[in-house]
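Undergrad: Contents are PDB, C-alpha atoms; file name input.pdb:
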```pdb
ATOM      1  CA  MET K   1      23.274 -10.406 -14.792
ATOM      2  CA  GLU K   2      19.748  -9.016 -14.386
ATOM      3  CA  THR K   3      16.670 -11.186 -14.011
ATOM      4  CA  ASP K   4      12.960 -10.479 -13.811
ATOM      5  CA  THR K   5      13.358  -9.940 -10.065
ATOM      6  CA  ILE K   6      13.723  -6.182  -9.563
ATOM      7  CA  ILE K   7      13.895  -6.137  -5.739
ATOM      8  CA  GLU K   8      15.509  -8.996  -3.852
ATOM      9  CA  ALA K   9      16.050  -8.768  -0.106
ATOM     10  CA  THR K  10      17.282 -11.888   1.660
ATOM     11  CA  GLU K  11      17.262 -12.292   5.454
ATOM     12  CA  LEU K  12      17.438  -8.510   5.807
ATOM     13  CA  ARG K  13      18.314  -7.229   9.278
ATOM     14  CA  ARG K  14      18.721  -3.674  10.588
ATOM     15  CA  ARG K  15      19.250  -2.541  14.151
ATOM     16  CA  TYR K  16      19.497   0.713  16.084
ATOM     17  CA  GLY K  17      21.710   0.115  19.100
ATOM     18  CA  ASP K  18      20.225  -2.805  21.008
ATOM     19  CA  HIS K  19      16.938  -2.652  19.124
ATOM     20  CA  GLU K  20      16.522  -4.810  16.027
ATOM     21  CA  ALA K  21      13.999  -3.005  13.837
ATOM     22  CA  VAL K  22      14.055  -5.480  10.930
ATOM     23  CA  ARG K  23      14.455  -9.127  11.835
ATOM     24  CA  GLY K  24      15.459 -11.287   8.918
ATOM     25  CA  ILE K  25      12.855 -10.520   6.263
ATOM     26  CA  SER K  26      13.027 -11.740   2.665
ATOM     27  CA  LEU K  27      11.215  -9.833  -0.055
ATOM     28  CA  HIS K  28      11.079 -10.403  -3.817
ATOM     29  CA  VAL K  29       9.374  -8.065  -6.287
ATOM     30  CA  GLY K  30       9.119  -9.066  -9.935
ATOM     31  CA  ARG K  31       9.385  -6.839 -12.982
ATOM     32  CA  GLY K  32       6.135  -4.966 -13.651
ATOM     33  CA  GLU K  33       4.636  -5.910 -10.278
ATOM     34  CA  LEU K  34       2.943  -3.541  -7.868
ATOM     35  CA  HIS K  35       3.877  -4.756  -4.400
ATOM     36  CA  ALA K  36       2.340  -3.168  -1.301
ATOM     37  CA  LEU K  37       4.437  -3.159   1.870
ATOM     38  CA  LEU K  38       2.132  -2.710   4.849
ATOM     39  CA  GLY K  39       2.796  -2.609   8.546
ATOM     40  CA  THR K  40       1.475  -1.690  11.942
ATOM     41  CA  ASN K  41       3.042   1.356  13.588
ATOM     42  CA  GLY K  42       6.655   0.566  14.426
ATOM     43  CA  ALA K  43       6.658  -2.561  12.259
ATOM     44  CA  GLY K  44       9.975  -1.752  10.580
ATOM     45  CA  LYS K  45       8.426  -0.647   7.294
ATOM     46  CA  THR K  46      10.274   2.687   7.033
ATOM     47  CA  THR K  47      13.617   1.066   7.828
ATOM     48  CA  THR K  48      12.974  -1.630   5.225
ATOM     49  CA  VAL K  49      12.121   0.892   2.507
ATOM     50  CA  GLU K  50      15.086   3.133   3.322
ATOM     51  CA  THR K  51      17.383   0.117   3.112
ATOM     52  CA  LEU K  52      15.894  -0.902  -0.232
ATOM     53  CA  GLU K  53      16.402   2.651  -1.483
ATOM     54  CA  GLY K  54      20.055   2.530  -0.426
ATOM     55  CA  LEU K  55      19.715   5.195   2.258
ATOM     56  CA  GLN K  56      20.786   2.685   4.925
ATOM     57  CA  GLU K  57      22.985  -0.389   4.800
ATOM     58  CA  PRO K  58      21.744  -3.640   6.320
ATOM     59  CA  ASP K  59      23.351  -5.121   9.442
ATOM     60  CA  GLY K  60      22.667  -8.583   8.086
ATOM     61  CA  GLY K  61      21.408 -10.258   4.949
ATOM     62  CA  SER K  62      21.533  -8.671   1.521
ATOM     63  CA  VAL K  63      19.625  -6.294  -0.753
ATOM     64  CA  ARG K  64      19.755  -6.211  -4.526
ATOM     65  CA  ILE K  65      17.985  -3.754  -6.823
ATOM     66  CA  PHE K  66      18.388  -4.596 -10.536
ATOM     67  CA  GLY K  67      20.979  -7.074  -9.265
ATOM     68  CA  CYS K  68      23.045  -4.290  -7.644
ATOM     69  CA  ASP K  69      23.690  -3.167  -4.078
ATOM     70  CA  PRO K  70      21.569   0.029  -3.781
ATOM     71  CA  ALA K  71      23.868   1.647  -1.198
ATOM     72  CA  ARG K  72      27.208   0.878  -2.860
ATOM     73  CA  ASP K  73      26.146   0.965  -6.511
ATOM     74  CA  ARG K  74      24.071   4.147  -6.409
ATOM     75  CA  THR K  75      25.298   5.385  -9.778
ATOM     76  CA  ALA K  76      23.889   2.228 -11.393
ATOM     77  CA  VAL K  77      20.633   2.102  -9.423
ATOM     78  CA  ARG K  78      19.586   5.697  -8.829
ATOM     79  CA  PRO K  79      18.958   6.814 -12.461
ATOM     80  CA  ARG K  80      16.562   3.887 -12.906
ATOM     81  CA  THR K  81      14.630   4.556  -9.715
ATOM     82  CA  GLY K  82      11.959   7.097  -8.754
ATOM     83  CA  VAL K  83      11.097   7.933  -5.147
ATOM     84  CA  MET K  84       7.973   9.732  -3.953
ATOM     85  CA  LEU K  85       8.527  10.792  -0.354
ATOM     86  CA  GLN K  86       5.867  11.796   2.172
ATOM     87  CA  ASP K  87       7.165  15.377   2.002
ATOM     88  CA  GLY K  88       9.371  16.479  -0.872
ATOM     89  CA  GLY K  89      10.170  19.895   0.657
ATOM     90  CA  LEU K  90       9.235  21.843  -2.492
ATOM     91  CA  SER K  91       9.542  25.615  -2.751
ATOM     92  CA  GLY K  92       6.170  27.321  -2.526
ATOM     93  CA  LEU K  93       7.402  30.302  -4.535
ATOM     94  CA  LEU K  94       7.867  28.477  -7.840
ATOM     95  CA  THR K  95       4.932  27.609 -10.034
ATOM     96  CA  VAL K  96       4.065  24.005 -10.772
ATOM     97  CA  ALA K  97       5.600  24.187 -14.260
ATOM     98  CA  GLU K  98       8.716  25.976 -12.983
ATOM     99  CA  THR K  99       9.188  23.262 -10.375
ATOM    100  CA  VAL K 100       9.002  20.525 -12.995
ATOM    101  CA  ARG K 101      11.353  22.413 -15.320
ATOM    102  CA  THR K 102      13.871  22.866 -12.484
ATOM    103  CA  TRP K 103      13.851  19.165 -11.641
ATOM    104  CA  ARG K 104      13.941  18.330 -15.333
ATOM    105  CA  SER K 105      17.216  20.228 -15.726
ATOM    106  CA  PHE K 106      19.088  17.644 -13.654
ATOM    107  CA  THR K 107      17.102  14.519 -14.617
ATOM    108  CA  ARG K 108      18.478  12.340 -17.381
ATOM    109  CA  GLY K 109      15.999  11.385 -20.117
ATOM    110  CA  ALA K 110      13.211  13.403 -18.482
ATOM    111  CA  ARG K 111       9.666  13.529 -19.790
ATOM    112  CA  PRO K 112       8.451  16.818 -21.303
ATOM    113  CA  VAL K 113       6.797  19.153 -18.798
ATOM    114  CA  THR K 114       3.379  18.969 -20.472
ATOM    115  CA  GLU K 115       3.404  15.161 -20.613
ATOM    116  CA  THR K 116       4.425  14.951 -16.956
ATOM    117  CA  LEU K 117       1.665  17.261 -15.750
ATOM    118  CA  GLU K 118      -0.948  15.526 -17.890
ATOM    119  CA  LEU K 119       0.047  12.169 -16.404
ATOM    120  CA  VAL K 120      -0.797  13.320 -12.861
ATOM    121  CA  GLY K 121      -3.808  15.475 -13.749
ATOM    122  CA  LEU K 122      -2.130  18.872 -13.233
ATOM    123  CA  ALA K 123      -2.046  20.098 -16.837
ATOM    124  CA  ASP K 124      -4.297  23.063 -15.974
ATOM    125  CA  ARG K 125      -2.292  24.030 -12.865
ATOM    126  CA  GLY K 126       1.101  24.729 -14.441
ATOM    127  CA  GLY K 127       1.012  28.465 -13.729
ATOM    128  CA  VAL K 128      -0.125  28.123 -10.102
ATOM    129  CA  PRO K 129       2.450  28.707  -7.310
ATOM    130  CA  VAL K 130       3.146  25.514  -5.383
ATOM    131  CA  ALA K 131       2.109  27.281  -2.168
ATOM    132  CA  GLN K 132      -1.430  27.628  -3.539
ATOM    133  CA  LEU K 133      -1.934  23.946  -4.332
ATOM    134  CA  SER K 134      -4.303  21.843  -2.303
ATOM    135  CA  GLY K 135      -2.842  18.987  -0.291
ATOM    136  CA  GLY K 136      -3.889  16.468  -2.928
ATOM    137  CA  GLU K 137      -2.448  18.561  -5.770
ATOM    138  CA  HIS K 138       0.819  18.934  -3.883
ATOM    139  CA  ARG K 139       1.064  15.159  -3.552
ATOM    140  CA  ARG K 140       0.380  14.713  -7.260
ATOM    141  CA  LEU K 141       3.146  17.202  -8.061
ATOM    142  CA  GLU K 142       5.511  15.104  -5.941
ATOM    143  CA  LEU K 143       4.412  12.051  -7.930
ATOM    144  CA  ALA K 144       5.145  13.975 -11.140
ATOM    145  CA  LEU K 145       8.702  14.650  -9.977
ATOM    146  CA  ALA K 146       9.178  11.022  -8.941
ATOM    147  CA  VAL K 147       8.287   9.760 -12.432
ATOM    148  CA  LEU K 148       9.958  12.570 -14.385
ATOM    149  CA  GLY K 149      12.921  10.368 -15.335
ATOM    150  CA  ARG K 150      10.741   7.445 -16.541
ATOM    151  CA  PRO K 151      11.897   5.153 -13.708
ATOM    152  CA  GLU K 152      11.867   1.398 -14.084
ATOM    153  CA  LEU K 153      11.276   1.095 -10.319
ATOM    154  CA  LEU K 154       9.084   3.527  -8.391
ATOM    155  CA  PHE K 155       8.909   3.786  -4.594
ATOM    156  CA  LEU K 156       5.592   5.322  -3.480
ATOM    157  CA  ASP K 157       5.551   6.285   0.206
ATOM    158  CA  GLU K 158       1.973   7.053   1.305
ATOM    159  CA  PRO K 159       1.200   8.601  -2.114
ATOM    160  CA  THR K 160      -2.435   9.592  -1.469
ATOM    161  CA  THR K 161      -2.178  10.963   2.073
ATOM    162  CA  GLY K 162      -4.292  14.126   2.332
ATOM    163  CA  MET K 163      -6.115  13.534  -0.945
ATOM    164  CA  ASP K 164      -9.852  13.736  -1.452
ATOM    165  CA  PRO K 165     -11.483  10.734  -3.168
ATOM    166  CA  ALA K 166     -11.323  12.343  -6.636
ATOM    167  CA  SER K 167      -7.595  13.107  -6.325
ATOM    168  CA  ARG K 168      -6.954   9.634  -4.976
ATOM    169  CA  ARG K 169      -8.689   8.116  -7.980
ATOM    170  CA  ARG K 170      -6.657  10.281 -10.380
ATOM    171  CA  THR K 171      -3.486   9.124  -8.656
ATOM    172  CA  TRP K 172      -4.564   5.497  -8.962
ATOM    173  CA  ASP K 173      -5.172   6.085 -12.679
ATOM    174  CA  ALA K 174      -1.681   7.597 -13.063
ATOM    175  CA  VAL K 175      -0.103   4.626 -11.276
ATOM    176  CA  GLY K 176      -2.065   2.293 -13.545
ATOM    177  CA  GLU K 177      -0.743   4.087 -16.614
ATOM    178  CA  LEU K 178       2.819   3.798 -15.314
ATOM    179  CA  ARG K 179       2.365   0.086 -14.726
ATOM    180  CA  ARG K 180       1.021  -0.446 -18.234
ATOM    181  CA  ALA K 181       4.246   1.154 -19.444
ATOM    182  CA  GLY K 182       6.211  -1.465 -17.474
ATOM    183  CA  THR K 183       7.119   0.370 -14.253
ATOM    184  CA  THR K 184       7.614  -1.782 -11.146
ATOM    185  CA  VAL K 185       6.105  -0.203  -8.018
ATOM    186  CA  LEU K 186       6.743  -0.678  -4.303
ATOM    187  CA  LEU K 187       3.879   0.986  -2.432
ATOM    188  CA  THR K 188       3.552   1.805   1.250
ATOM    189  CA  THR K 189       0.154   3.007   2.387
ATOM    190  CA  HIS K 190      -2.140   3.174   5.389
ATOM    191  CA  TYR K 191      -5.182   3.091   3.092
ATOM    192  CA  LEU K 192      -5.780  -0.634   3.005
ATOM    193  CA  GLU K 193      -8.440  -0.347   0.304
ATOM    194  CA  GLU K 194      -5.724   1.255  -1.837
ATOM    195  CA  ALA K 195      -3.474  -1.765  -1.425
ATOM    196  CA  GLU K 196      -6.423  -4.065  -2.094
ATOM    197  CA  ALA K 197      -7.340  -2.182  -5.280
ATOM    198  CA  LEU K 198      -3.849  -1.732  -6.729
ATOM    199  CA  ALA K 199      -1.495  -4.438  -5.500
ATOM    200  CA  ASP K 200      -0.600  -7.701  -7.194
ATOM    201  CA  ARG K 201       0.998  -8.842  -3.946
ATOM    202  CA  VAL K 202       1.176  -7.550  -0.390
ATOM    203  CA  THR K 203       3.609  -8.085   2.449
ATOM    204  CA  ILE K 204       2.545  -7.210   5.996
ATOM    205  CA  LEU K 205       5.187  -6.492   8.633
ATOM    206  CA  HIS K 206       4.772  -6.606  12.397
ATOM    207  CA  ALA K 207       7.533  -6.116  14.946
ATOM    208  CA  GLY K 208      10.204  -6.362  12.256
ATOM    209  CA  ARG K 209       9.003  -9.650  10.777
ATOM    210  CA  ILE K 210       6.783 -10.686   7.883
ATOM    211  CA  VAL K 211       3.487 -11.991   9.248
ATOM    212  CA  ALA K 212       1.493 -12.286   6.007
ATOM    213  CA  GLU K 213       2.260 -12.185   2.294
ATOM    214  CA  GLY K 214       0.710 -13.129  -1.019
ATOM    215  CA  SER K 215      -1.930 -11.698  -3.306
ATOM    216  CA  PRO K 216      -4.647  -9.678  -1.500
ATOM    217  CA  ALA K 217      -7.039 -12.579  -2.065
ATOM    218  CA  GLU K 218      -4.568 -15.090  -0.639
ATOM    219  CA  VAL K 219      -3.888 -12.955   2.439
ATOM    220  CA  VAL K 220      -7.573 -12.564   3.327
ATOM    221  CA  ALA K 221      -8.548 -16.136   2.425
ATOM    222  CA  ALA K 222      -7.798 -17.415   5.919
ATOM    223  CA  LEU K 223     -10.440 -15.141   7.459
ATOM    224  CA  PRO K 224     -14.201 -15.758   7.426
ATOM    225  CA  ALA K 225     -16.753 -13.489   5.779
ATOM    226  CA  ARG K 226     -18.997 -11.397   8.021
ATOM    227  CA  ILE K 227     -22.795 -11.153   8.198
ATOM    228  CA  THR K 228     -24.375  -8.655  10.587
ATOM    229  CA  PHE K 229     -27.842  -7.202  11.262
ATOM    230  CA  THR K 230     -29.825  -5.620  14.067
ATOM    231  CA  ARG K 231     -31.043  -8.166  16.591
ATOM    232  CA  PRO K 232     -34.661  -9.125  15.757
ATOM    233  CA  PRO K 233     -37.404 -10.171  18.230
ATOM    234  CA  LEU K 234     -37.019 -13.854  17.253
ATOM    235  CA  GLU K 235     -33.997 -15.945  18.134
ATOM    236  CA  PRO K 236     -31.838 -15.918  14.961
ATOM    237  CA  PRO K 237     -30.909 -19.296  13.473
ATOM    238  CA  ARG K 238     -27.636 -21.132  13.668
ATOM    239  CA  LEU K 239     -26.116 -21.453  10.212
ATOM    240  CA  ALA K 240     -24.357 -24.514   8.863
ATOM    241  CA  ASN K 241     -21.026 -22.868   8.028
ATOM    242  CA  ALA K 242     -20.913 -19.949  10.452
ATOM    243  CA  VAL K 243     -20.115 -19.042  14.034
ATOM    244  CA  ARG K 244     -22.773 -16.825  15.599
ATOM    245  CA  ASP K 245     -22.204 -13.900  17.982
ATOM    246  CA  ILE K 246     -25.102 -12.057  19.619
ATOM    247  CA  ASP K 247     -25.098  -9.011  21.858
ATOM    248  CA  ALA K 248     -27.894  -6.728  23.067
ATOM    249  CA  GLU K 249     -28.202  -4.917  19.731
ATOM    250  CA  THR K 250     -26.473  -6.894  16.976
ATOM    251  CA  VAL K 251     -26.275 -10.385  15.523
ATOM    252  CA  GLY K 252     -23.050 -11.323  13.766
ATOM    253  CA  TYR K 253     -21.925 -14.430  11.902
ATOM    254  CA  ARG K 254     -18.406 -15.374  10.846
ATOM    255  CA  SER K 255     -19.077 -17.416   7.732
ATOM    256  CA  ARG K 256     -16.888 -19.880   5.840
ATOM    257  CA  ASP K 257     -19.416 -20.085   2.967
ATOM    258  CA  LEU K 258     -21.000 -16.675   2.547
ATOM    259  CA  GLN K 259     -23.377 -17.575  -0.268
ATOM    260  CA  ALA K 260     -24.771 -20.699   1.410
ATOM    261  CA  ASP K 261     -25.093 -19.105   4.841
ATOM    262  CA  LEU K 262     -26.697 -15.941   3.488
ATOM    263  CA  ALA K 263     -29.192 -18.002   1.481
ATOM    264  CA  GLU K 264     -30.063 -20.016   4.619
ATOM    265  CA  LEU K 265     -30.467 -16.827   6.676
ATOM    266  CA  LEU K 266     -32.697 -15.133   4.100
ATOM    267  CA  GLY K 267     -34.787 -18.308   3.780
ATOM    268  CA  TRP K 268     -35.345 -18.292   7.548
ATOM    269  CA  ALA K 269     -36.259 -14.595   7.451
ATOM    270  CA  GLY K 270     -38.748 -15.212   4.651
ATOM    271  CA  ARG K 271     -40.412 -18.160   6.411
ATOM    272  CA  THR K 272     -40.729 -16.324   9.721
ATOM    273  CA  GLY K 273     -41.550 -12.882   8.322
ATOM    274  CA  THR K 274     -38.502 -11.404  10.069
ATOM    275  CA  VAL K 275     -37.070  -8.097   8.902
ATOM    276  CA  LEU K 276     -33.260  -8.129   9.011
ATOM    277  CA  ALA K 277     -32.680  -4.429   9.674
ATOM    278  CA  GLY K 278     -29.214  -3.147   8.816
ATOM    279  CA  LEU K 279     -28.271  -6.380   7.029
ATOM    280  CA  SER K 280     -24.668  -6.403   5.843
ATOM    281  CA  ALA K 281     -22.773  -9.281   4.233
ATOM    282  CA  ARG K 282     -19.184  -8.952   3.048
ATOM    283  CA  PRO K 283     -16.089 -11.061   2.562
ATOM    284  CA  ALA K 284     -13.015 -10.491   4.692
ATOM    285  CA  SER K 285     -10.745  -7.601   3.722
ATOM    286  CA  LEU K 286      -7.150  -6.528   4.243
ATOM    287  CA  GLU K 287      -8.448  -4.256   6.975
ATOM    288  CA  ASP K 288      -9.703  -7.315   8.889
ATOM    289  CA  VAL K 289      -6.289  -8.958   8.515
ATOM    290  CA  PHE K 290      -4.514  -5.784   9.595
ATOM    291  CA  LEU K 291      -6.746  -5.235  12.617
ATOM    292  CA  GLY K 292      -6.191  -8.829  13.686
ATOM    293  CA  ILE K 293      -2.429  -8.337  13.504
ATOM    294  CA  ALA K 294      -2.601  -4.986  15.309
ATOM    295  CA  ALA K 295      -4.648  -6.580  18.085
ATOM    296  CA  THR K 296      -1.720  -8.881  18.863
ATOM    297  CA  SER K 297       0.709  -5.955  19.216
ATOM    298  CA  GLY K 298       2.870  -6.109  22.274
ATOM    299  CA  SER K 299       5.851  -4.113  23.350
ATOM    300  CA  GLU K 300       7.977  -5.075  20.316
ATOM    301  CA  THR K 301       8.236  -2.204  17.821
ATOM    302  CA  GLY K 302      10.479  -1.239  14.959
ATOM    303  CA  ARG K 303      10.626   1.844  12.801
TER
END
```
Is it possible to express this structure as structure tokens?

TA:
Amino acid sequence: METDTIIEATELRRRYGDHEAVRGISLHVGRGELHALLGTNGAGKTTTVETLEGLQEPDGGSVRIFGCDPARDRTAVRPRTGVMLQDGGLSGLLTVAETVRTWRSFTRGARPVTETLELVGLADRGGVPVAQLSGGEHRRLELALAVLGRPELLFLDEPTTGMDPASRRRTWDAVGELRRAGTTVLLTTHYLEEAEALADRVTILHAGRIVAEGSPAEVVAALPARITFTRPPLEPPRLANAVRDIDAETVGYRSRDLQADLAELLGWAGRTGTVLAGLSARPASLEDVFLGIAATSGSETGR
């Protein structure tokens, strides 16, 4: 019987010879959720996704997609699932519309060609050979093919790699439209601002294990905000809720109360007539979390 949990992995393990790439992770993705799976290089992210997609079988633990085993129940799972790979291997000789029509011919319940191309912002490129597309357009065509069958679950593997900012934004808009229609999305990306902007929840892998998970806000909450500026002639103050770092050129504070500490700093600057050149104040981000995890990397790696 199906529940509102679309992806359920419990104590998932996968090894290659003597190397255990995935070490007992548990992952749950609810219906309609966009879940970002992040990881340092060799964290086991690719192996995890391939196992969830049913391309590999686990060596331990279990995986259920729509309540089914994705490797053994492919006929039940595959028609309800869309997969956008990093490289779909499309023919450059066909036009964009011909490519969609070809895929449409063996996709059950497929969207119309025009609707599909409009969804990904390629409506005006239907007659263009695939070989002439830009990198960003090529990626959006691969997204079009992944959603052609109106999937309930969509795997997005680095969907905006090679895109300029405008193409990336169009792709984000398309993903948002899919989500409003009820599609559940598992996203892998190296663009951490993408995960921060799109994801309801994130899971970060390192050396085959989960090291952080929760909403983006929950994951970054453990880290302090950051205040920096060019070192002034006067000795900068110590702030009530911050740890101060000073080097030859820069002053930095790691703040647990950004508003209060920034107000105290600006008050000091006003009283002393100090110009805070290059002043920057920002909360912690997923990038800060990720860099902290990457800094602890040792010899353990996955795939």

Undergrad: Suppose you want the space between atom CA of Asn241 of chain K and atom CA of Tyr253 of chain K; what is it in Å?

TA: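 One can read the atom CA of Asn241 of chain K to atom CA of Tyr253 of chain K distance as 9.3 Å.
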
Undergrad: Just say which residues the PyMOL selection byres ((chain K and resi 57) around 12) picks in this file, as a list of chain:residue names.

TA: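 When the PyMOL selection byres ((chain K and resi 57) around 12) is applied to the shown file, the picked residues are K:Ala9, K:Leu12, K:Arg13, K:Arg14, K:Arg15, K:Tyr16, K:Val22, K:Thr47, K:Thr48, K:Val49, K:Glu50, K:Thr51, K:Leu52, K:Glu53, K:Gly54, K:Leu55, K:Gln56, K:Pro58, K:Asp59, K:Gly60, K:Gly61, K:Ser62, K:Val63, K:Arg64, K:Asp69, K:Pro70, K:Ala71, K:Arg72, K:Asp73.
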
Undergrad: Taking (14.5, 13.2, -16.6) in the file's coordinates, which residues come within 9 Å, counting all atoms listed in the file, written as a list in words?

TA: Pro79, Trp103, Arg104, Ser105, Phe106, Thr107, Arg108, Gly109, Ala110, Arg111, Pro112, Leu145, Val147, Leu148, Gly149, Arg150 and Pro151 of chain K

Undergrad: Do you know which residues the PyMOL selection byres ((chain K and resi 113-123) around 7) returns on this file, as a ChimeraX atom specification?

TA: /K:97,100-101,111-112,124-126,140,144,148,170-171,174

Undergrad: Kindly compute an axis-aligned box around the listed atoms of segment 214-219 of chain K, allowing 5 Å on each side, and express its centre and edge lengths in Å to one decimal as AutoDock Vina command-line options.

TA:
```
--center_x -3.2 --center_y -12.4 --center_z -0.4 --size_x 17.7 --size_y 15.4 --size_z 15.7
```

Undergrad: Which is closest to Val289 of chain K among K:Leu153, K:Ile246, K:Ala221, K:Ala263, if we use all atoms listed in the file?

TA: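 For Val289 of chain K, the nearest of the candidates is K:Ala221.
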
Undergrad: Could you write out as a compact mmCIF listing (two decimals) with C-alpha atoms, keeping the file's coordinate frame the residues that the PyMOL selection byres ((chain K and resi 201) around 7) matches in the shown file?

TA:
```txt
# COMPACT_ATOMS: atom_id res chain seq x y z
CA LEU K 34 2.94 -3.54 -7.87
CA HIS K 35 3.88 -4.76 -4.40
CA ALA K 36 2.34 -3.17 -1.30
CA ALA K 199 -1.50 -4.44 -5.50
CA ASP K 200 -0.60 -7.70 -7.19
CA VAL K 202 1.18 -7.55 -0.39
CA THR K 203 3.61 -8.09 2.45
CA GLY K 214 0.71 -13.13 -1.02
CA SER K 215 -1.93 -11.70 -3.31
CA PRO K 216 -4.65 -9.68 -1.50
```

Undergrad: Rank K:Cys68, K:Ala269, K:Leu94, K:Leu156 by their smallest atom-to-atom distance to Thr188 of chain K, using only C-alpha atoms, and report the top residue only.

TA: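 Closest residue, counting only C-alpha atoms: K:Leu156.
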
Undergrad: With a distance cut-off of 9 Å and all atoms listed in the file, select the neighbouring residues of Val175 of chain K, excluding the residue or stretch itself and same-chain residues fewer than 6 positions from it, and output the selection as a PyMOL selection string.

TA: chain K and resi 120+183+185+198

Undergrad: Do you know which residues are at most 12 Å from segment 86-90 of chain K counting only C-alpha atoms, after dropping those on the same chain fewer than 4 positions away, and could you put them as a PyMOL selection string?

TA: chain K and resi 46+94-96+98-100+102-103+129-131+133+135-136+138-146+155-162+187-189

Undergrad: Measure the distance from atom CA of Gly182 of chain K to atom CA of Asp4 of chain K in Å and round it to one decimal.

TA: 11.8 Å

Undergrad: Report, in Å with one decimal, the straight-line distance from atom CA of Leu262 of chain K to atom CA of Ala217 of chain K.

TA: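 Between atom CA of Leu262 of chain K and atom CA of Ala217 of chain K the gap works out to 20.7 Å.
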
Undergrad: With distances taken over all atoms listed in the file, which of K:Ala260, K:Gly270, K:Ser280, K:Asp164 is nearest to Phe229 of chain K?

TA: K:Ser280

Undergrad: Counting only C-alpha atoms, which of K:Ser91, K:Ser285, K:Thr272, K:Thr75 gets nearest to Pro232 of chain K?

TA: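 Among the listed residues, the smallest separation from Pro232 of chain K belongs to K:Thr272.
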
Undergrad: Looking at K:Glu235, K:Glu11, K:Glu33, K:Glu20, which one is nearest to Glu152 of chain K, with distances taken over all atoms listed in the file?

TA: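 Using all atoms listed in the file, Glu152 of chain K sits closest to K:Glu33.
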
Undergrad: Excluding Gly252 of chain K and residues on its chain fewer than 4 positions from it, collect all residues at most 8 Å away from it, counting all atoms listed in the file, and give them as a ChimeraX atom specification.

TA: /K:226-229,244-246

Undergrad: I need the residue nearest Glu193 of chain K from this list: K:Ile65, K:Val83, K:Leu286, K:Leu234. Use only C-alpha atoms for the distance.

TA: K:Leu286
